[in-house]
Amino acid sequence: DGTWNPTIFNFDVSLTPHGGDLELMNHLSIELALPRPYPVTEMSMITHAARLISGQNGAIMEILPEFEYFRDIVYHFKHAVSGATAAPDNVEDGYVWLPTDATLKWTVKPISENDKTLQYHVTAFRGHLQEFVDPSAVGKNG
């Protein structure tokens, strides 16, 4: 899950960047001469990484467009194996999905009014929120 070994894109664990995501964004920022937060705090690095990874700050996507593809492929895969439904249930019969419907739209939002930590808000298929199934809930129901 990236807690002890820095792995990236652990969307199935947390929709807030952590561990390897923070390391990767820090290193890419240095290598690509992108502005970094100052002073460096955990919260400032999480905000910085969330904005870069989501594309809200388009610096990474402009320089490395393949980063966006890689991020989306990993997200689609992790979402597909999670057991969550990608499309809304209330779709009229005979609706034809297009490839553009599967395009992930990324934003970042604070976790709550009290917790301003940014987390990813990912939608696709007519604005359907792409949420993951909680692994602990699956174990209790099965």
# chains A, B, ... in the order shown; residues from 1 in each chain; ligands from 1

call {"tool": "residues_around", "arguments": {"residues": "A:Pro110", "least_positions_apart": "6", "cutoff": "9 Å", "atoms": "only C-alpha atoms", "output": "PDB file with C-alpha atoms, in the first residue's frame"}}
result
ATOM      1  CA  LYS A 116      -8.743  20.731   4.388  1.00  0.00           C
ATOM      2  CA  THR A 117      -6.505  17.893   3.142  1.00  0.00           C
ATOM      3  CA  LEU A 118      -7.097  17.546  -0.590  1.00  0.00           C
ATOM      4  CA  GLN A 119      -8.339  14.287  -2.062  1.00  0.00           C
ATOM      5  CA  TYR A 120      -9.067  13.274  -5.629  1.00  0.00           C
TER       6      TYR A 120
END

call {"tool": "residues_around", "arguments": {"residues": "A:Arg36", "least_positions_apart": "4", "cutoff": "10 Å", "atoms": "only C-alpha atoms", "output": "number ranges by chain"}}
result
A: 25-26, 29-30, 40, 44-45, 48-49

call {"tool": "select_by_dssp", "arguments": {"residues": "chain A", "states": "strand (DSSP E or B)", "output": "PyMOL selection string"}}
result
chain A and resi 105-110+118-124+128-129

call {"tool": "atom_distance", "arguments": {"atom1": "atom CA of A:Ala124", "atom2": "atom CA of A:His76"}}
result
10.4 Å

call {"tool": "atom_distance", "arguments": {"atom1": "atom CA of A:Thr7", "atom2": "atom CA of A:Gly127"}}
result
28.6 Å

call {"tool": "residues_around", "arguments": {"residues": "A:Val108", "least_positions_apart": "4", "cutoff": "10 Å", "atoms": "only C-alpha atoms", "output": "PDB file with C-alpha atoms, in the first residue's frame"}}
result
ATOM      1  CA  LEU A  15      -7.659   9.181  -2.549  1.00  0.00           C
ATOM      2  CA  THR A  16      -5.140  11.504  -0.927  1.00  0.00           C
ATOM      3  CA  THR A  47      -1.582  19.760  -1.690  1.00  0.00           C
ATOM      4  CA  ALA A  50      -2.709  16.345  -5.388  1.00  0.00           C
ATOM      5  CA  ARG A  51      -2.816  19.328  -7.741  1.00  0.00           C
ATOM      6  CA  ILE A  53      -1.403  14.369 -10.131  1.00  0.00           C
ATOM      7  CA  SER A  54      -5.009  15.466 -10.706  1.00  0.00           C
ATOM      8  CA  GLY A  55      -3.971  17.861 -13.439  1.00  0.00           C
ATOM      9  CA  GLN A  56      -5.424  20.898 -11.639  1.00  0.00           C
ATOM     10  CA  THR A 117      -6.505  17.893   3.142  1.00  0.00           C
ATOM     11  CA  LEU A 118      -7.097  17.546  -0.590  1.00  0.00           C
ATOM     12  CA  GLN A 119      -8.339  14.287  -2.062  1.00  0.00           C
ATOM     13  CA  TYR A 120      -9.067  13.274  -5.629  1.00  0.00           C
ATOM     14  CA  HIS A 121     -12.597  13.516  -6.957  1.00  0.00           C
ATOM     15  CA  VAL A 122     -12.759  11.382 -10.101  1.00  0.00           C
TER      16      VAL A 122
END

call {"tool": "select_by_dssp", "arguments": {"residues": "stretch 25-91 of chain A", "states": "helix (DSSP H, G or I)", "output": "ChimeraX atom specification"}}
result
/A:25-31,42-54,59-63,65-82

call {"tool": "atom_distance", "arguments": {"atom1": "atom CA of A:Tyr38", "atom2": "atom CA of A:Phe70"}}
result
28.3 Å

call {"tool": "closest_residue", "arguments": {"among": "A:Val91, A:Leu22, A:Ala84, A:Ile8", "to": "A:Phe67", "atoms": "only C-alpha atoms"}}
result
A:Ile8

call {"tool": "closest_residue", "arguments": {"among": "A:Ser82, A:Ser112, A:Asn10, A:Thr41", "to": "A:Phe132", "atoms": "only C-alpha atoms"}}
result
A:Ser82

call {"tool": "residues_around", "arguments": {"residues": "A:Leu129", "least_positions_apart": "6", "cutoff": "12 Å", "atoms": "only C-alpha atoms", "output": "PyMOL selection string"}}
result
chain A and resi 79+84-88+102+104-107+120-123
